[in-house]
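Undergrad: If it helps, the file is called input.tsv and holds TSV, C-alpha atoms and all ligand atoms:
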```
chain	number	residue	atom	x	y	z
K	1	MET	CA	4.19	1.05	-27.28
K	2	LYS	CA	1.26	2.73	-25.59
K	3	ILE	CA	0.33	1.60	-22.08
K	4	ILE	CA	-2.38	2.78	-19.71
K	5	SER	CA	-1.66	2.83	-15.96
K	6	ILE	CA	-4.72	2.73	-13.73
K	7	LEU	CA	-4.48	4.23	-10.28
K	8	GLY	CA	-6.90	5.65	-7.75
K	9	ALA	CA	-5.92	5.02	-4.15
K	10	ARG	CA	-3.01	6.57	-2.29
K	11	PRO	CA	-0.68	3.52	-2.31
K	12	GLN	CA	-1.15	3.05	-6.07
K	13	ILE	CA	-0.07	6.57	-6.80
K	14	ILE	CA	3.12	5.84	-4.89
K	15	LYS	CA	3.70	2.49	-6.65
K	16	ALA	CA	3.07	4.11	-10.04
K	17	ALA	CA	5.84	6.61	-9.28
K	18	ALA	CA	8.43	3.82	-9.51
K	19	LEU	CA	7.25	2.71	-12.95
K	20	SER	CA	6.87	6.26	-14.29
K	21	ARG	CA	10.42	6.99	-13.14
K	22	ALA	CA	11.82	3.90	-14.86
K	23	ILE	CA	9.95	4.79	-18.07
K	24	ARG	CA	11.18	8.39	-17.95
K	25	ASN	CA	14.79	7.44	-17.20
K	26	GLN	CA	15.29	4.34	-19.33
K	27	TYR	CA	12.31	3.46	-21.51
K	28	SER	CA	11.05	6.79	-22.87
K	29	ASP	CA	11.83	5.70	-26.47
K	30	GLU	CA	9.89	2.45	-26.11
K	31	ILE	CA	6.96	3.20	-23.79
K	32	SER	CA	4.44	6.01	-23.76
K	33	GLU	CA	2.33	5.99	-20.60
K	34	ILE	CA	-1.20	7.30	-20.22
K	35	ILE	CA	-2.28	7.71	-16.60
K	36	VAL	CA	-5.89	7.17	-15.61
K	37	HIS	CA	-6.90	8.26	-12.10
K	38	THR	CA	-10.20	6.70	-11.05
K	39	GLY	CA	-10.74	9.34	-8.35
K	40	GLN	CA	-11.15	6.70	-5.61
K	41	HIS	CA	-9.07	8.97	-3.39
K	42	TYR	CA	-9.84	12.62	-3.97
K	43	ASP	CA	-8.78	14.68	-0.94
K	44	ALA	CA	-5.70	16.73	-1.86
K	45	ASN	CA	-3.66	15.10	0.93
K	46	MET	CA	-4.71	11.61	-0.23
K	47	SER	CA	-3.93	12.13	-3.91
K	48	GLU	CA	-2.66	15.41	-5.42
K	49	VAL	CA	0.23	15.83	-3.02
K	50	PHE	CA	1.72	12.53	-4.16
K	51	PHE	CA	1.70	13.44	-7.87
K	52	LYS	CA	3.56	16.67	-7.15
K	53	GLU	CA	6.04	15.33	-4.67
K	54	LEU	CA	6.85	12.04	-6.43
K	55	ASN	CA	7.19	13.70	-9.81
K	56	ILE	CA	4.47	11.67	-11.51
K	57	PRO	CA	3.06	13.15	-14.71
K	58	SER	CA	-0.48	14.52	-14.13
K	59	ALA	CA	-3.25	12.07	-14.87
K	60	HIS	CA	-4.42	12.27	-18.49
K	61	TYR	CA	-7.90	11.26	-17.35
K	62	ASN	CA	-9.66	11.54	-13.99
K	63	LEU	CA	-12.89	9.61	-13.60
K	64	ASN	CA	-13.81	11.37	-10.33
K	65	VAL	CA	-15.72	8.35	-9.04
K	66	GLY	CA	-15.32	9.34	-5.38
K	67	SER	CA	-16.55	7.24	-2.45
K	68	GLY	CA	-19.46	4.81	-2.43
K	69	ASN	CA	-20.38	1.21	-1.80
K	70	HIS	CA	-18.00	-1.24	-3.45
K	71	GLY	CA	-20.36	-2.24	-6.27
K	72	GLU	CA	-21.29	1.32	-7.08
K	73	GLN	CA	-17.71	2.58	-6.93
K	74	THR	CA	-16.31	-0.28	-9.02
K	75	ALA	CA	-19.12	-0.05	-11.59
K	76	LYS	CA	-18.46	3.65	-12.21
K	77	MET	CA	-14.76	2.90	-12.68
K	78	LEU	CA	-15.45	0.04	-15.10
K	79	GLU	CA	-17.61	2.19	-17.30
K	80	GLY	CA	-15.08	5.02	-17.39
K	81	ILE	CA	-12.02	2.82	-17.93
K	82	GLU	CA	-13.70	0.86	-20.73
K	83	ALA	CA	-14.44	4.06	-22.65
K	84	ILE	CA	-10.83	5.23	-22.30
K	85	ILE	CA	-9.40	1.88	-23.44
K	86	LEU	CA	-11.70	1.89	-26.48
K	87	LYS	CA	-10.53	5.38	-27.37
K	88	GLU	CA	-6.81	5.01	-26.66
K	89	LYS	CA	-6.31	1.40	-27.87
K	90	PRO	CA	-3.30	0.66	-25.62
K	91	GLU	CA	-1.10	-2.42	-26.00
K	92	ALA	CA	-1.25	-3.14	-22.27
K	93	VAL	CA	-3.02	-1.96	-19.13
K	94	ILE	CA	-1.01	-1.77	-15.90
K	95	VAL	CA	-2.74	-2.18	-12.54
K	96	TYR	CA	-1.26	-2.02	-9.05
K	97	GLY	CA	-2.05	-3.76	-5.79
K	98	ASP	CA	-5.48	-4.76	-4.60
K	99	THR	CA	-7.95	-1.91	-4.51
K	100	ASN	CA	-11.28	-1.44	-6.27
K	101	SER	CA	-9.37	0.56	-8.91
K	102	THR	CA	-7.16	-2.49	-9.56
K	103	VAL	CA	-9.99	-4.90	-10.17
K	104	ALA	CA	-11.91	-2.38	-12.30
K	105	GLY	CA	-8.86	-1.88	-14.53
K	106	GLY	CA	-8.26	-5.62	-14.83
K	107	LEU	CA	-11.86	-6.40	-15.73
K	108	ALA	CA	-12.28	-3.60	-18.25
K	109	ALA	CA	-9.03	-4.41	-20.07
K	110	SER	CA	-9.30	-8.20	-20.11
K	111	LYS	CA	-12.82	-8.11	-21.55
K	112	LEU	CA	-11.52	-5.92	-24.36
K	113	HIS	CA	-8.68	-8.43	-24.91
K	114	ILE	CA	-6.00	-5.98	-23.82
K	115	PRO	CA	-3.23	-7.72	-21.82
K	116	VAL	CA	-3.27	-6.85	-18.13
K	117	VAL	CA	0.00	-6.37	-16.23
K	118	HIS	CA	-0.46	-6.81	-12.49
K	119	ILE	CA	2.18	-5.25	-10.29
K	120	GLU	CA	2.16	-6.71	-6.76
K	121	ALA	CA	0.64	-10.00	-7.92
K	122	GLY	CA	0.32	-13.17	-5.87
K	123	LEU	CA	-0.14	-11.72	-2.41
K	124	ARG	CA	-2.76	-13.45	-0.31
K	125	SER	CA	-4.16	-12.95	3.17
K	126	PHE	CA	-6.42	-16.04	2.84
K	127	ASN	CA	-9.22	-13.90	4.24
K	128	LYS	CA	-11.93	-13.30	1.67
K	129	LYS	CA	-13.80	-11.00	4.04
K	130	MET	CA	-11.25	-8.38	2.99
K	131	PRO	CA	-12.33	-6.58	-0.18
K	132	GLU	CA	-8.65	-6.44	-1.14
K	133	GLU	CA	-8.35	-10.26	-1.17
K	134	ILE	CA	-11.23	-10.54	-3.64
K	135	ASN	CA	-9.73	-7.77	-5.76
K	136	ARG	CA	-6.27	-9.31	-5.95
K	137	ILE	CA	-7.36	-12.88	-6.63
K	138	THR	CA	-9.69	-11.71	-9.39
K	139	CYS	CA	-7.11	-9.44	-10.91
K	140	ASP	CA	-4.36	-12.07	-10.92
K	141	HIS	CA	-6.59	-14.42	-12.89
K	142	LEU	CA	-7.28	-11.72	-15.49
K	143	SER	CA	-3.62	-10.90	-16.02
K	144	THR	CA	-1.08	-11.79	-18.70
K	145	LEU	CA	2.10	-10.66	-16.89
K	146	LEU	CA	2.11	-11.08	-13.11
K	147	PHE	CA	4.90	-9.43	-11.12
K	148	SER	CA	5.18	-10.76	-7.59
K	149	PRO	CA	7.26	-8.78	-5.09
K	150	THR	CA	8.07	-11.86	-3.00
K	151	LYS	CA	8.83	-15.57	-3.32
K	152	GLN	CA	5.74	-16.30	-1.26
K	153	GLY	CA	3.63	-14.53	-3.89
K	154	VAL	CA	4.99	-16.84	-6.58
K	155	LYS	CA	4.20	-19.87	-4.39
K	156	ASN	CA	0.63	-18.63	-3.86
K	157	LEU	CA	0.09	-18.30	-7.61
K	158	LYS	CA	1.49	-21.77	-8.25
K	159	ARG	CA	-0.98	-23.14	-5.73
K	160	GLU	CA	-3.82	-21.51	-7.67
K	161	GLY	CA	-2.78	-23.29	-10.85
K	162	PHE	CA	-0.44	-20.79	-12.52
K	163	ALA	CA	2.33	-22.52	-14.48
K	164	ILE	CA	5.68	-21.19	-13.35
K	165	ASP	CA	7.50	-22.38	-16.48
K	166	SER	CA	5.19	-20.98	-19.20
K	167	VAL	CA	6.88	-19.96	-22.47
K	168	PRO	CA	6.10	-16.99	-24.77
K	169	PRO	CA	3.91	-15.78	-26.36
K	170	TYR	CA	2.19	-14.87	-23.11
K	171	THR	CA	-1.56	-14.34	-23.09
K	172	ILE	CA	-4.36	-14.29	-20.55
K	173	ASP	CA	-4.59	-18.07	-21.10
K	174	ASN	CA	-0.83	-18.56	-20.94
K	175	PRO	CA	0.23	-16.00	-18.34
K	176	LYS	CA	3.74	-15.39	-17.04
K	177	VAL	CA	4.59	-15.15	-13.34
K	178	TYR	CA	7.76	-13.25	-12.35
K	179	HIS	CA	9.47	-12.78	-9.02
K	180	SER	CA	10.37	-9.14	-9.66
K	181	GLY	CA	11.07	-7.67	-6.23
K	182	ASP	CA	9.02	-4.83	-4.82
K	183	VAL	CA	8.55	-1.43	-6.50
K	184	MET	CA	7.96	-0.02	-3.01
K	185	TYR	CA	11.48	-1.03	-2.06
K	186	ASP	CA	12.69	0.84	-5.18
K	187	ASN	CA	10.75	3.87	-3.94
K	188	SER	CA	12.01	3.68	-0.38
K	189	ILE	CA	15.60	3.74	-1.59
K	190	HIS	CA	14.99	6.49	-4.13
K	191	PHE	CA	12.96	8.80	-1.90
K	192	SER	CA	14.84	8.25	1.37
K	193	ALA	CA	17.57	10.77	0.55
K	194	ILE	CA	15.04	13.18	-0.97
K	195	SER	CA	13.00	12.94	2.23
K	196	ASP	CA	16.10	13.73	4.33
K	197	ARG	CA	16.64	16.81	2.20
K	198	ASP	CA	13.09	18.09	1.70
K	199	SER	CA	10.80	16.92	4.50
K	200	THR	CA	10.30	19.52	7.21
K	201	LEU	CA	7.67	17.59	9.15
K	202	LEU	CA	9.90	16.42	12.04
K	203	ASN	CA	10.87	20.03	12.72
K	204	GLN	CA	7.35	21.30	12.36
K	205	LEU	CA	6.10	18.74	14.88
K	206	GLU	CA	9.15	19.34	17.09
K	207	LEU	CA	9.69	15.61	17.25
K	208	ASP	CA	13.02	15.15	18.90
K	209	SER	CA	12.27	12.48	21.48
K	210	GLU	CA	11.37	8.82	20.97
K	211	PHE	CA	8.03	8.06	19.36
K	212	ILE	CA	5.79	5.37	17.93
K	213	LEU	CA	4.33	5.89	14.46
K	214	ALA	CA	0.79	4.48	14.23
K	215	THR	CA	-1.69	4.28	11.36
K	216	ILE	CA	-5.17	2.73	11.22
K	217	HIS	CA	-7.44	2.70	8.19
K	218	ARG	CA	-8.67	-0.88	7.40
K	219	ASN	CA	-12.45	-1.01	7.29
K	220	ASN	CA	-12.65	-3.97	9.70
K	221	ASN	CA	-10.81	-1.88	12.32
K	222	THR	CA	-12.43	1.50	11.67
K	223	ASP	CA	-16.00	0.30	11.16
K	224	ASN	CA	-16.15	-1.95	14.24
K	225	PRO	CA	-16.53	0.00	17.53
K	226	ASP	CA	-15.06	-2.77	19.72
K	227	ARG	CA	-11.95	-3.12	17.60
K	228	LEU	CA	-11.47	0.62	17.19
K	229	ASN	CA	-11.75	1.22	20.96
K	230	SER	CA	-9.46	-1.69	21.78
K	231	ILE	CA	-6.73	-0.42	19.44
K	232	PHE	CA	-6.89	3.11	20.85
K	233	GLU	CA	-6.85	1.84	24.44
K	234	ALA	CA	-3.73	-0.16	23.64
K	235	LEU	CA	-1.99	2.83	22.03
K	236	LEU	CA	-2.83	5.07	24.99
K	237	ASP	CA	-1.68	2.47	27.51
K	238	ILE	CA	1.64	1.97	25.73
K	239	SER	CA	2.26	5.70	25.52
K	240	GLU	CA	1.47	6.21	29.22
K	241	VAL	CA	3.28	3.13	30.58
K	242	HIS	CA	6.42	3.72	28.53
K	243	ASP	CA	6.16	7.51	28.51
K	244	ILE	CA	6.53	7.56	24.75
K	245	GLN	CA	4.83	9.76	22.19
K	246	VAL	CA	2.43	8.29	19.60
K	247	VAL	CA	2.20	10.04	16.23
K	248	LEU	CA	-0.94	9.18	14.29
K	249	PRO	CA	-1.49	10.52	10.76
K	250	LEU	CA	-5.21	10.05	10.36
K	251	HIS	CA	-6.92	8.56	7.29
K	252	PRO	CA	-10.23	10.35	6.52
K	253	ARG	CA	-12.22	7.15	7.08
K	254	THR	CA	-10.70	6.69	10.55
K	255	LYS	CA	-11.36	10.30	11.48
K	256	LYS	CA	-15.04	9.87	10.60
K	257	MET	CA	-15.36	6.58	12.48
K	258	MET	CA	-13.53	7.85	15.60
K	259	GLU	CA	-16.13	10.60	15.88
K	260	LEU	CA	-18.90	8.00	15.61
K	261	TYR	CA	-17.58	5.09	17.64
K	262	LEU	CA	-14.88	6.08	20.09
K	263	ASP	CA	-15.96	5.83	23.71
K	264	ASP	CA	-16.38	9.37	25.13
K	265	GLN	CA	-13.90	8.87	27.95
K	266	LEU	CA	-11.32	7.38	25.63
K	267	ALA	CA	-11.77	10.25	23.18
K	268	LYS	CA	-11.23	12.69	26.05
K	269	ARG	CA	-8.11	10.85	27.22
K	270	ILE	CA	-6.71	11.09	23.70
K	271	ALA	CA	-7.59	14.75	23.35
K	272	ASP	CA	-6.04	15.54	26.76
K	273	SER	CA	-2.91	13.43	26.35
K	274	ASP	CA	0.38	15.29	25.80
K	275	LEU	CA	1.76	12.09	24.38
K	276	PHE	CA	-0.79	11.63	21.61
K	277	LEU	CA	-0.23	13.57	18.42
K	278	VAL	CA	-3.00	13.20	15.85
K	279	ILE	CA	-2.13	14.83	12.52
K	280	PRO	CA	-3.73	14.93	9.02
K	281	PRO	CA	-2.60	12.35	6.43
K	282	VAL	CA	0.98	13.09	5.40
K	283	SER	CA	2.84	13.00	2.09
K	284	PHE	CA	5.22	10.18	1.09
K	285	LEU	CA	8.39	12.17	1.87
K	286	ASP	CA	6.91	13.01	5.28
K	287	ILE	CA	5.87	9.44	6.09
K	288	ILE	CA	9.40	8.29	5.20
K	289	ALA	CA	10.79	10.93	7.57
K	290	LEU	CA	8.48	9.65	10.31
K	291	GLU	CA	9.32	6.00	9.61
K	292	LYS	CA	13.05	6.65	9.69
K	293	LYS	CA	12.91	8.57	12.97
K	294	ALA	CA	10.30	6.44	14.78
K	295	ASN	CA	11.38	3.82	17.31
K	296	PHE	CA	8.46	1.55	16.57
K	297	ILE	CA	5.60	1.23	14.04
K	298	ILE	CA	2.07	0.04	14.82
K	299	THR	CA	-0.20	-0.28	11.78
K	300	ASP	CA	-2.87	-2.09	9.82
K	301	SER	CA	-1.42	-0.88	6.51
K	302	GLY	CA	0.38	-3.31	4.21
K	303	GLY	CA	2.69	-0.58	2.97
K	304	LEU	CA	3.80	0.57	6.42
K	305	GLN	CA	4.53	-2.99	7.56
K	306	LYS	CA	7.08	-3.27	4.79
K	307	GLU	CA	8.46	0.22	5.16
K	308	ALA	CA	9.02	-0.58	8.85
K	309	PHE	CA	11.18	-3.45	7.61
K	310	PHE	CA	12.95	-1.32	4.94
K	311	PHE	CA	13.88	1.25	7.61
K	312	LYS	CA	14.71	-1.40	10.22
K	313	LYS	CA	11.95	-0.75	12.75
K	314	PRO	CA	9.98	-3.33	14.75
K	315	CYS	CA	6.32	-3.49	13.82
K	316	ILE	CA	2.99	-4.53	15.33
K	317	ILE	CA	0.38	-5.54	12.75
K	318	LEU	CA	-3.20	-4.65	13.70
K	319	ARG	CA	-4.72	-7.45	11.66
K	320	SER	CA	-5.34	-11.17	12.08
K	321	GLU	CA	-3.06	-12.06	9.17
K	322	THR	CA	-0.66	-10.49	6.71
K	323	GLU	CA	0.26	-10.86	3.06
K	324	TRP	CA	3.87	-10.04	3.98
K	325	VAL	CA	4.50	-13.28	5.86
K	326	GLU	CA	8.28	-13.02	5.41
K	327	ILE	CA	8.61	-10.16	7.89
K	328	VAL	CA	6.67	-12.11	10.53
K	329	GLU	CA	8.59	-15.32	9.87
K	330	ASN	CA	11.84	-13.39	10.25
K	331	GLY	CA	10.66	-12.02	13.61
K	332	ASN	CA	10.50	-8.33	12.63
K	333	ALA	CA	6.74	-7.98	13.09
K	334	LEU	CA	4.06	-9.53	15.27
K	335	ILE	CA	0.44	-10.08	14.29
K	336	CYS	CA	-1.79	-8.80	17.11
K	337	ASP	CA	-5.16	-8.19	15.45
K	338	ALA	CA	-7.12	-5.61	17.51
K	339	ASP	CA	-6.35	-7.44	20.76
K	340	LYS	CA	-5.23	-4.97	23.43
K	341	ASN	CA	-3.36	-7.52	25.55
K	342	LYS	CA	-1.53	-8.97	22.55
K	343	ILE	CA	-0.55	-5.47	21.41
K	344	LEU	CA	0.85	-4.57	24.84
K	345	ALA	CA	2.76	-7.86	25.11
K	346	ALA	CA	4.12	-7.54	21.57
K	347	TYR	CA	5.37	-4.04	22.26
K	348	ASP	CA	7.32	-5.30	25.27
K	349	SER	CA	8.82	-8.29	23.50
K	350	LEU	CA	9.72	-6.57	20.21
K	351	SER	CA	11.28	-3.57	21.98
K	352	LYS	CA	13.79	-5.89	23.62
K	353	LYS	CA	14.61	-8.12	20.65
K	354	GLU	CA	17.69	-8.00	18.40
K	355	LEU	CA	16.29	-8.02	14.85
K	356	THR	CA	17.89	-8.86	11.51
K	357	TYR	CA	16.91	-7.43	8.12
K	358	PRO	CA	17.79	-9.73	5.20
K	359	ASP	CA	17.06	-8.74	1.54
K	360	LEU	CA	13.50	-9.98	1.13
K	361	PHE	CA	12.17	-7.44	-1.35
K	362	GLY	CA	14.60	-7.40	-4.25
K	363	ASP	CA	17.47	-5.15	-5.26
K	364	GLY	CA	15.67	-1.81	-5.66
K	365	LYS	CA	15.39	-2.22	-9.45
K	366	ALA	CA	12.03	-3.96	-9.74
K	367	ALA	CA	10.48	-1.21	-11.90
K	368	GLU	CA	13.25	-1.43	-14.54
K	369	PHE	CA	12.83	-5.20	-14.69
K	370	ILE	CA	9.06	-4.83	-15.13
K	371	CYS	CA	9.47	-2.31	-17.98
K	372	GLU	CA	11.96	-4.61	-19.72
K	373	GLN	CA	9.52	-7.55	-19.64
K	374	ILE	CA	6.56	-5.43	-20.78
K	375	VAL	CA	8.51	-4.18	-23.82
K	376	LYS	CA	9.86	-7.64	-24.59
K	377	HIS	CA	6.56	-9.51	-24.43
K	378	LEU	CA	3.73	-7.08	-25.10
K	379	SER	CA	4.94	-4.54	-27.69
M	1	LIG	C1	-8.50	1.86	-0.07
M	1	LIG	C2	-8.19	0.41	-0.46
M	1	LIG	C3	-7.18	-0.17	0.52
M	1	LIG	C4	-5.94	0.70	0.62
M	1	LIG	C5	-6.37	2.13	0.99
M	1	LIG	C6	-5.20	3.06	1.10
M	1	LIG	C7	-10.12	-0.76	-1.51
M	1	LIG	C8	-11.15	-1.79	-1.34
M	1	LIG	N1	-9.39	-0.42	-0.41
M	1	LIG	O1	-9.12	1.84	1.21
M	1	LIG	O2	-6.81	-1.45	0.09
M	1	LIG	O3	-5.07	0.19	1.61
M	1	LIG	O4	-7.28	2.59	-0.01
M	1	LIG	O5	-5.56	4.27	1.66
M	1	LIG	O6	-9.97	-0.26	-2.60
M	1	LIG	N2	-12.13	9.20	2.02
M	1	LIG	C9	-12.08	10.57	2.02
M	1	LIG	N3	-11.21	11.15	1.15
M	1	LIG	C10	-10.43	10.46	0.29
M	1	LIG	C11	-10.51	9.07	0.31
M	1	LIG	C12	-11.35	8.44	1.19
M	1	LIG	O7	-12.77	11.25	2.77
M	1	LIG	O8	-9.66	11.08	-0.48
M	1	LIG	C13	-13.05	8.52	2.98
M	1	LIG	C14	-14.42	8.36	2.47
M	1	LIG	O9	-15.27	8.54	3.54
M	1	LIG	C15	-14.51	6.92	2.03
M	1	LIG	C16	-13.54	6.25	2.98
M	1	LIG	O10	-12.54	7.22	3.28
M	1	LIG	O11	-15.79	6.43	2.10
M	1	LIG	C17	-12.89	5.03	2.43
M	1	LIG	O12	-12.24	5.25	1.19
M	1	LIG	P1	-12.04	4.06	0.10
M	1	LIG	O13	-11.26	4.57	-1.02
M	1	LIG	O14	-13.35	3.43	-0.19
M	1	LIG	O15	-11.22	2.97	0.88
M	1	LIG	P2	-9.93	3.08	1.77
M	1	LIG	O16	-10.34	2.79	3.16
M	1	LIG	O17	-9.16	4.35	1.54
```
Using structure tokens, write down the structure from this file.
Ligand code: UD1

TA:
Amino acid sequence: MKIISILGARPQIIKAAALSRAIRNQYSDEISEIIVHTGQHYDANMSEVFFKELNIPSAHYNLNVGSGNHGEQTAKMLEGIEAIILKEKPEAVIVYGDTNSTVAGGLAASKLHIPVVHIEAGLRSFNKKMPEEINRITCDHLSTLLFSPTKQGVKNLKREGFAIDSVPPYTIDNPKVYHSGDVMYDNSIHFSAISDRDSTLLNQLELDSEFILATIHRNNNTDNPDRLNSIFEALLDISEVHDIQVVLPLHPRTKKMMELYLDDQLAKRIADSDLFLVIPPVSFLDIIALEKKANFIITDSGGLQKEAFFFKKPCIILRSETEWVEIVENGNALICDADKNKILAAYDSLSKKELTYPDLFGDGKAAEFICEQIVKHLS
């Protein structure tokens, strides 16, 4: 069967690696995959590096949509994806996560009556101010096969009216919800050893003492001066009070907004601090190396919250809610929003706590399971 995978943003390229690997290793006789890159992320260190390092076949098509307002960006993707689907006539279109590339793929395919497979279905933040929440709700309701990484995701879908006991044949009007486990957990297991072998970043940065890994890229943090300043004040305070290094791989959006919005004195303190290490965005093998070696992770990324859990590190979430409620309920992460005092208090309390890490994200074979169901129901 012919499938089209749509990707565009950094985390999707990584998620797609798990499926491409399962196809290559176990389903190459049954599935032929065409990769469409929307071009949402275009800097080499936000896109190209992942294809090379994660051994993903090069994209067959690149729409080069680049940055823009949401409507403009999504519209360009829709137009491009529709033309490719009409030409290639796939039996299914696979979309990942919750970005503008996800919703564009789901809309283009469903309107052409091509079944949509949504990987990472069912997650909800219950905050529709996030573009991602709108993208994922819309995409779930356009999908035929929905693969939820967590039990909570399945519950969320049930609440929105999805039947959990539907029987084949599955269609957009009779969709199927699976609890598949998380393809990112598959990836963390697979690439952990490869990172140990191949990543040279820790040596390059001469990171041999304790450090906190921090990332910030959500638009409500980067595009709001008060929030951005509050987060950076908290990070600086923690590093100074605890005499611990902070390593911050910087998303291009954050870099731009720091130049615009960061208070001059704060910017100077960061630039002058021996404890603050700001580096360009890093590859997946390098972020795994950082996650494994870090003592603590502070982030507004969904992916890093989970990887903190996979690699058994406490985590502060720089948002007012999370889709990964399990890790908060289990005590491994604390939601602090952009509140400096909460961040400082959370650092103190999580540093002292004994944490447990139960199997919340599957058995590391989610991608194989997903391929099996796609072949069974859509070919
Ligand atoms: C997107 C996703 C978000 C995901 C994130 C991962 C949506 C709505 N959001 O957010 O869910 O967590 O990707 O990184 O789809 N930029 C560059 N070079 C690049 C990419 C971006 O300079 O290669 C800059 C541009 O100034 C752009 C800004 O970053 O305007 C934001 O990029 P965009 O793709 O719109 O959203 P992300 O913040 O990356």

Undergrad: Neighbours of region 145-152 of chain K within 8 Å (only C-alpha atoms; same-chain residues fewer than 5 positions away dropped), as an MDAnalysis selection string?

TA: chainID K and resid 115:123 140 170 175:183 325:326 360:362 370 374

Undergrad: One decimal, Å: what's the distance from CA of Ala9 (chain K) over to CA of Glu88 (chain K), could you say?

TA: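 Atom-to-atom, CA of Ala9 (chain K) and CA of Glu88 (chain K) are spaced 22.5 Å apart.
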
Undergrad: Write out as a list of chain:residue names which residues come within 12 Å of Pro225 (chain K) when counting all atoms listed in the file, dropping same-chain ones fewer than 4 positions away.

TA: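 Here the answer would be K:Asn219, K:Asn220, K:Asn221, K:Asn229, K:Ser230, K:Ile231, K:Phe232, K:Thr254, K:Met257, K:Met258, K:Glu259, K:Leu260, K:Tyr261, K:Leu262, K:Asp263, K:Ala338.
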
Undergrad: Between CA of Glu82 (chain K) and atom O14 of ligand LIG 1 (chain M), what is the distance in Å, rounded to a tenth?

TA: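 Computing the Euclidean distance for CA of Glu82 (chain K) and atom O14 of ligand LIG 1 (chain M) yields 20.7 Å.
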
Undergrad: Check the smallest atom-to-atom distance from each of K:Ile56, K:Cys315, K:Met77, K:Ile34 to ligand LIG 1 (chain M) using all atoms listed in the file, then report the winner.

TA: K:Met77

Undergrad: Distance limit 10 Å, reference ligand LIG 1 (chain M), atoms considered: only C-alpha atoms and all ligand atoms. Which residues make the cut? Give them as a count of residues only.

TA: 55

Undergrad: Looking at all atoms listed in the file, which of K:Gly71, K:Gly80, K:Pro168, K:Gly106 is the one that sits closest to His141 (chain K)?

TA: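 Selected residue with least distance to His141 (chain K): K:Gly106.
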
Undergrad: For the atom pair CA of Phe211 (chain K) and CA of Val247 (chain K), what is the interatomic distance in Å to one decimal place?

TA: 6.9 Å

Undergrad: Considering only C-alpha atoms, state which residue in the set K:Ser143, K:Ser32, K:Ser166, K:Thr38 is at the smallest distance from Ile6 (chain K).

TA: K:Thr38

Undergrad: For region 345-358 of chain K, find every residue with an atom within 12 Å (counting all atoms listed in the file), except residues of its own chain fewer than 3 positions away, and show them as a ChimeraX atom specification.

TA: /K:212,234-235,237-239,241-242,244,295-298,306-318,326-337,339-342,361-363
